[in-house]
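Colleague: So here's target.csv, just CSV, C-alpha atoms:
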```csv
chain,number,residue,atom,x,y,z
A,1,MET,CA,-9.8,-44.4,-15.1
A,2,ILE,CA,-12.0,-44.4,-18.2
A,3,ARG,CA,-15.4,-42.8,-18.1
A,4,ILE,CA,-18.0,-43.0,-20.7
A,5,ILE,CA,-20.3,-40.0,-20.7
A,6,ALA,CA,-23.5,-40.5,-22.8
A,7,VAL,CA,-26.7,-38.6,-23.4
A,8,GLY,CA,-29.8,-40.6,-22.5
A,9,LYS,CA,-30.5,-43.8,-20.6
A,10,CYS,CA,-29.8,-47.2,-22.1
A,11,LYS,CA,-33.1,-49.0,-21.8
A,12,GLU,CA,-32.6,-52.2,-23.9
A,13,LYS,CA,-31.9,-55.2,-21.6
A,14,ALA,CA,-29.8,-56.9,-24.2
A,15,MET,CA,-27.6,-53.8,-24.6
A,16,LEU,CA,-27.3,-53.4,-20.8
A,17,ALA,CA,-26.3,-57.1,-20.5
A,18,LEU,CA,-23.5,-56.6,-23.1
A,19,ILE,CA,-22.3,-53.4,-21.4
A,20,ASN,CA,-22.2,-55.2,-18.0
A,21,GLU,CA,-20.3,-58.0,-19.6
A,22,TYR,CA,-17.6,-55.7,-21.0
A,23,GLN,CA,-17.4,-53.8,-17.8
A,24,LYS,CA,-16.7,-57.0,-16.0
A,25,ARG,CA,-14.0,-58.0,-18.6
A,26,LEU,CA,-12.3,-54.7,-18.3
A,27,LYS,CA,-12.0,-54.8,-14.5
A,28,PRO,CA,-8.6,-56.5,-14.5
A,29,PHE,CA,-7.2,-53.8,-16.8
A,30,VAL,CA,-8.8,-50.5,-15.9
A,31,LYS,CA,-11.6,-49.0,-13.8
A,32,THR,CA,-14.5,-47.8,-16.0
A,33,GLU,CA,-17.6,-45.8,-15.2
A,34,LEU,CA,-20.7,-45.1,-17.3
A,35,ILE,CA,-22.3,-41.7,-16.7
A,36,GLU,CA,-25.6,-41.0,-18.4
A,37,VAL,CA,-26.9,-37.4,-18.6
A,38,ALA,CA,-30.5,-36.6,-19.4
A,39,ASP,CA,-31.5,-36.1,-23.0
A,40,GLU,CA,-33.7,-33.3,-24.1
A,41,HIS,CA,-37.2,-33.9,-25.5
A,42,ALA,CA,-36.7,-33.5,-29.3
A,43,PRO,CA,-39.8,-34.1,-31.5
A,44,GLN,CA,-39.3,-34.5,-35.2
A,45,SER,CA,-40.6,-31.0,-36.1
A,46,LEU,CA,-37.9,-28.9,-34.4
A,47,SER,CA,-36.6,-25.8,-36.1
A,48,LEU,CA,-32.8,-25.4,-36.6
A,49,ALA,CA,-32.7,-22.9,-33.6
A,50,GLN,CA,-34.6,-25.4,-31.4
A,51,MET,CA,-32.2,-28.2,-32.5
A,52,GLU,CA,-29.2,-26.0,-31.5
A,53,GLN,CA,-30.8,-25.4,-28.1
A,54,VAL,CA,-31.2,-29.1,-27.5
A,55,LYS,CA,-27.6,-29.7,-28.4
A,56,GLN,CA,-26.5,-26.9,-26.2
A,57,LYS,CA,-28.4,-28.2,-23.2
A,58,GLU,CA,-27.2,-31.7,-23.6
A,59,GLY,CA,-23.7,-30.4,-24.2
A,60,GLU,CA,-23.8,-28.4,-20.9
A,61,ARG,CA,-24.9,-31.5,-19.0
A,62,ILE,CA,-21.9,-33.4,-20.5
A,63,LEU,CA,-19.5,-30.6,-19.8
A,64,SER,CA,-20.6,-30.5,-16.2
A,65,LYS,CA,-19.4,-34.1,-15.8
A,66,LEU,CA,-16.0,-33.5,-17.3
A,67,LYS,CA,-13.0,-32.7,-15.1
A,68,ASP,CA,-10.4,-30.2,-16.2
A,69,SER,CA,-7.8,-32.9,-16.2
A,70,ASP,CA,-9.8,-35.3,-18.4
A,71,TYR,CA,-8.5,-36.2,-21.8
A,72,VAL,CA,-11.7,-36.0,-23.8
A,73,ILE,CA,-12.3,-38.4,-26.8
A,74,LEU,CA,-15.5,-37.3,-28.5
A,75,LEU,CA,-17.3,-39.8,-30.7
A,76,ASP,CA,-18.1,-37.6,-33.7
A,77,LEU,CA,-19.2,-38.3,-37.3
A,78,ALA,CA,-16.7,-35.5,-38.3
A,79,GLY,CA,-13.9,-37.1,-36.4
A,80,LYS,CA,-10.9,-39.2,-37.5
A,81,MET,CA,-11.3,-42.9,-38.1
A,82,ILE,CA,-8.7,-45.1,-36.4
A,83,ASP,CA,-8.4,-48.8,-36.1
A,84,SER,CA,-8.3,-50.9,-32.9
A,85,VAL,CA,-4.5,-51.1,-32.8
A,86,ALA,CA,-4.2,-47.3,-33.1
A,87,LEU,CA,-6.8,-46.8,-30.4
A,88,SER,CA,-4.9,-49.1,-28.0
A,89,GLU,CA,-1.7,-47.3,-28.8
A,90,GLN,CA,-3.4,-43.9,-28.0
A,91,ILE,CA,-4.8,-45.2,-24.7
A,92,ALA,CA,-1.4,-46.6,-23.8
A,93,SER,CA,0.4,-43.4,-24.6
A,94,LEU,CA,-2.1,-41.3,-22.6
A,95,GLN,CA,-1.8,-43.6,-19.6
A,96,THR,CA,2.0,-43.6,-19.8
A,97,TYR,CA,2.9,-40.1,-20.8
A,98,GLY,CA,-0.3,-38.0,-20.6
A,99,ASN,CA,-3.4,-38.2,-18.5
A,100,SER,CA,-4.6,-41.4,-17.1
A,101,ASP,CA,-8.2,-40.0,-16.8
A,102,ILE,CA,-9.9,-40.5,-20.2
A,103,ALA,CA,-13.4,-39.5,-20.9
A,104,PHE,CA,-15.2,-40.9,-24.0
A,105,VAL,CA,-18.2,-38.8,-24.9
A,106,ILE,CA,-21.3,-39.9,-26.8
A,107,GLY,CA,-23.5,-37.0,-27.8
A,108,GLY,CA,-27.3,-36.9,-28.4
A,109,SER,CA,-29.3,-37.9,-31.4
A,110,LEU,CA,-29.2,-34.3,-32.8
A,111,GLY,CA,-25.4,-34.0,-32.6
A,112,ILE,CA,-22.8,-32.3,-30.6
A,113,ALA,CA,-22.7,-28.8,-29.1
A,114,PRO,CA,-19.9,-26.5,-30.4
A,115,ALA,CA,-18.7,-26.0,-26.8
A,116,LEU,CA,-18.2,-29.8,-26.5
A,117,ILE,CA,-16.4,-30.0,-29.8
A,118,GLN,CA,-14.1,-27.2,-28.5
A,119,ARG,CA,-13.5,-29.0,-25.2
A,120,SER,CA,-12.5,-32.3,-26.9
A,121,ASP,CA,-8.9,-33.4,-27.2
A,122,PHE,CA,-9.6,-36.0,-30.0
A,123,ARG,CA,-12.6,-36.5,-32.2
A,124,TRP,CA,-13.1,-40.1,-33.1
A,125,LYS,CA,-15.3,-41.3,-35.9
A,126,LEU,CA,-16.3,-44.9,-35.0
A,127,SER,CA,-17.6,-45.8,-38.4
A,128,ASP,CA,-19.1,-44.4,-41.6
A,129,LEU,CA,-22.2,-46.4,-40.6
A,130,THR,CA,-25.0,-44.9,-38.5
A,131,PHE,CA,-25.8,-46.8,-35.2
A,132,PRO,CA,-28.4,-46.3,-32.5
A,133,HIS,CA,-26.8,-44.4,-29.5
A,134,GLN,CA,-27.4,-47.4,-27.2
A,135,LEU,CA,-25.5,-49.7,-29.6
A,136,VAL,CA,-22.6,-47.2,-29.8
A,137,ARG,CA,-22.1,-47.7,-26.0
A,138,VAL,CA,-21.7,-51.5,-26.6
A,139,LEU,CA,-19.3,-50.9,-29.5
A,140,LEU,CA,-17.2,-48.5,-27.5
A,141,TYR,CA,-17.0,-50.9,-24.5
A,142,GLU,CA,-16.0,-53.7,-26.9
A,143,GLN,CA,-13.3,-51.6,-28.5
A,144,LEU,CA,-12.0,-50.6,-25.1
A,145,TYR,CA,-11.8,-54.3,-24.1
A,146,ARG,CA,-10.1,-55.1,-27.4
A,147,SER,CA,-7.6,-52.3,-26.8
A,148,PHE,CA,-6.6,-53.6,-23.4
A,149,THR,CA,-6.3,-57.2,-24.7
A,150,ILE,CA,-4.0,-55.8,-27.4
A,151,LEU,CA,-1.9,-54.0,-24.9
A,152,HIS,CA,-1.6,-57.0,-22.7
A,153,HIS,CA,-0.9,-59.4,-25.6
A,154,GLN,CA,-4.0,-61.5,-25.0
A,155,PRO,CA,-5.5,-63.5,-27.9
A,156,TYR,CA,-8.9,-61.7,-28.1
A,157,HIS,CA,-7.7,-59.5,-31.0
A,158,LYS,CA,-6.9,-61.5,-34.1
```
Take the structure in the file and give it back as structure tokens.

Modeller:
Amino acid sequence: MIRIIAVGKCKEKAMLALINEYQKRLKPFVKTELIEVADEHAPQSLSLAQMEQVKQKEGERILSKLKDSDYVILLDLAGKMIDSVALSEQIASLQTYGNSDIAFVIGGSLGIAPALIQRSDFRWKLSDLTFPHQLVRVLLYEQLYRSFTILHHQPYHK
């Protein structure tokens, strides 16, 4: 089981359509679930302390959705970059030798709470580029699909 836990709702119809398409493509390989937790109102003029409060509240919401047995992969700008083959190998290893329940976590726009960083098992930097959070969901689903096609020797990954 792979769960994606993300802050905020995906509102863009085009993004939702892509997410639904990748969820459908993943069904033969693995069960997936998208869990969206509420985001905090965060106007541009927040103090550093207020920003930390926002991250903490969003982090608590994410932490409440995690199971003790989950292997948590946190999408994090300070994480380690890996390629698609390495991601597929990590997923295969976890499902074979570790925990078959994997939770990918996408934090809020202000960043990630320290408690969430501490709970993570692996911090993954998707890219050096900055993406909207809704697009990150699509990219994550695409990479998951690519990983499973790699593992099942299908021609999607070239």

Colleague: With all atoms listed in the file as the basis for distance, which of A:His133, A:His153, A:Lys125, A:Lys57 is at the shortest distance from Met81 in chain A?

Modeller: A:Lys125

Colleague: Ranking A:Asp39, A:Asp76, A:Asp83, A:Asp128 by minimum distance to Lys55 in chain A and counting all atoms listed in the file, which one comes first?

Modeller: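 Under the stated criterion, the closest residue is A:Asp39.
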
Colleague: Sorted by chain and rising residue number, which residues of range 125-152 of chain A lie within 12 Å of range 91-102 of chain A, and what are their closest atom pairs and distances in Å to one decimal, counting all atoms listed in the file, as a Markdown table?

Modeller:
```
| residue | atom | partner | partner_atom | distance |
| --- | --- | --- | --- | --- |
| A:Gln143 | CA | A:Ile91 | CA | 11.3 |
| A:Leu144 | CA | A:Ile91 | CA | 9.0 |
| A:Tyr145 | CA | A:Ile91 | CA | 11.5 |
| A:Arg146 | CA | A:Ile91 | CA | 11.5 |
| A:Ser147 | CA | A:Ile91 | CA | 7.9 |
| A:Phe148 | CA | A:Ile91 | CA | 8.7 |
| A:Thr149 | CA | A:Ala92 | CA | 11.7 |
| A:Ile150 | CA | A:Ala92 | CA | 10.2 |
| A:Leu151 | CA | A:Ala92 | CA | 7.5 |
| A:His152 | CA | A:Ala92 | CA | 10.5 |
```

Colleague: As an exercise, work out the distance from CA of Leu66 in chain A to CA of Ser47 in chain A in Å and give it to one decimal place.

Modeller: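 These two atoms are separated by 28.9 Å.
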
Colleague: Can you work out the spacing between CA of Ile19 in chain A and CA of Glu89 in chain A in Å, to one decimal?

Modeller: 22.7 Å

Colleague: Rounded to one decimal place, report the CA of Ile82 in chain A-CA of Met15 in chain A distance in Å.

Modeller: 23.9 Å

Colleague: Which residues are near Leu77 in chain A? Cut-off 10 Å, only C-alpha atoms, ignore same chain within fewer than 5 positions. Put them as number ranges by chain.

Modeller: A: 111-112, 123-130

Colleague: Taking all atoms listed in the file into account, which of A:Glu12, A:Asp121, A:Glu36, A:Glu21 comes nearest Glu142 in chain A?

Modeller: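 Comparing A:Glu12, A:Asp121, A:Glu36, A:Glu21 against Glu142 in chain A, the winner is A:Glu21.
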
Colleague: Could you give me, as a JSON list (two decimals) with C-alpha atoms, in the coordinates of the input, the residues within 10 Å of Ile62 in chain A, counting only C-alpha atoms and dropping anything in the same chain fewer than 3 positions from it?

Modeller:
```json
[["chain", "number", "residue", "atom", "x", "y", "z"],
["A", 5, "ILE", "CA", -20.30, -40.00, -20.70],
["A", 6, "ALA", "CA", -23.50, -40.50, -22.80],
["A", 7, "VAL", "CA", -26.70, -38.60, -23.40],
["A", 35, "ILE", "CA", -22.30, -41.70, -16.70],
["A", 36, "GLU", "CA", -25.60, -41.00, -18.40],
["A", 37, "VAL", "CA", -26.90, -37.40, -18.60],
["A", 38, "ALA", "CA", -30.50, -36.60, -19.40],
["A", 56, "GLN", "CA", -26.50, -26.90, -26.20],
["A", 57, "LYS", "CA", -28.40, -28.20, -23.20],
["A", 58, "GLU", "CA", -27.20, -31.70, -23.60],
["A", 59, "GLY", "CA", -23.70, -30.40, -24.20],
["A", 65, "LYS", "CA", -19.40, -34.10, -15.80],
["A", 66, "LEU", "CA", -16.00, -33.50, -17.30],
["A", 105, "VAL", "CA", -18.20, -38.80, -24.90],
["A", 106, "ILE", "CA", -21.30, -39.90, -26.80],
["A", 107, "GLY", "CA", -23.50, -37.00, -27.80],
["A", 113, "ALA", "CA", -22.70, -28.80, -29.10],
["A", 116, "LEU", "CA", -18.20, -29.80, -26.50]]
```

Colleague: So that I can check the surroundings of Thr32 in chain A, please list as JSON, numbers by chain every protein, DNA and RNA residue that reaches within 8 Å of it, counting all atoms listed in the file and ignoring chain neighbours fewer than 5 positions away.

Modeller: {"A": [1, 2, 3, 4, 23, 26, 27]}

Colleague: Keeping C-alpha atoms, export the residues of the selection given above as a compact mmCIF listing (two decimals), keeping the file's coordinate frame.

Modeller:
```
# COMPACT_ATOMS: atom_id res chain seq x y z
CA MET A 1 -9.80 -44.40 -15.10
CA ILE A 2 -12.00 -44.40 -18.20
CA ARG A 3 -15.40 -42.80 -18.10
CA ILE A 4 -18.00 -43.00 -20.70
CA GLN A 23 -17.40 -53.80 -17.80
CA LEU A 26 -12.30 -54.70 -18.30
CA LYS A 27 -12.00 -54.80 -14.50
```

Colleague: Go through A:Val54, A:Ala115, A:Ile73, A:Ala17 and flag the residue nearest Leu140 in chain A, using all atoms listed in the file for the distances.

Modeller: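 For Leu140 in chain A, the nearest of the given residues is A:Ile73.
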
Colleague: Pick out the residues sitting within 9 Å of Ala42 in chain A, and hand them over as a ChimeraX atom specification; count only C-alpha atoms, and ignore anything fewer than 6 positions along from it in its own chain.

Modeller: /A:50-51,54,109-110

Colleague: Select, from A:Ser64, A:Ser45, A:Ser120, A:Gln134, the residue with the minimum atom-to-atom distance to Leu18 in chain A, counting only C-alpha atoms.

Modeller: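 Looking at the shortest contact to Leu18 in chain A, the residue is A:Gln134.
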
Colleague: Choose the residue, out of A:Val138, A:Ala14, A:Leu48, A:Leu74, that has the smallest atom-to-atom separation from Ala103 in chain A; count only C-alpha atoms.

Modeller: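 Once distances to Ala103 in chain A are computed over only C-alpha atoms, the minimum belongs to A:Leu74.
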
Colleague: Kindly compute an axis-aligned box around the listed atoms of range 20-25 of chain A, allowing 5 Å on each side, and express its centre and edge lengths in Å to one decimal as AutoDock Vina command-line options.

Modeller:
```
--center_x -18.1 --center_y -55.9 --center_z -18.5 --size_x 18.2 --size_y 14.2 --size_z 15.0
```
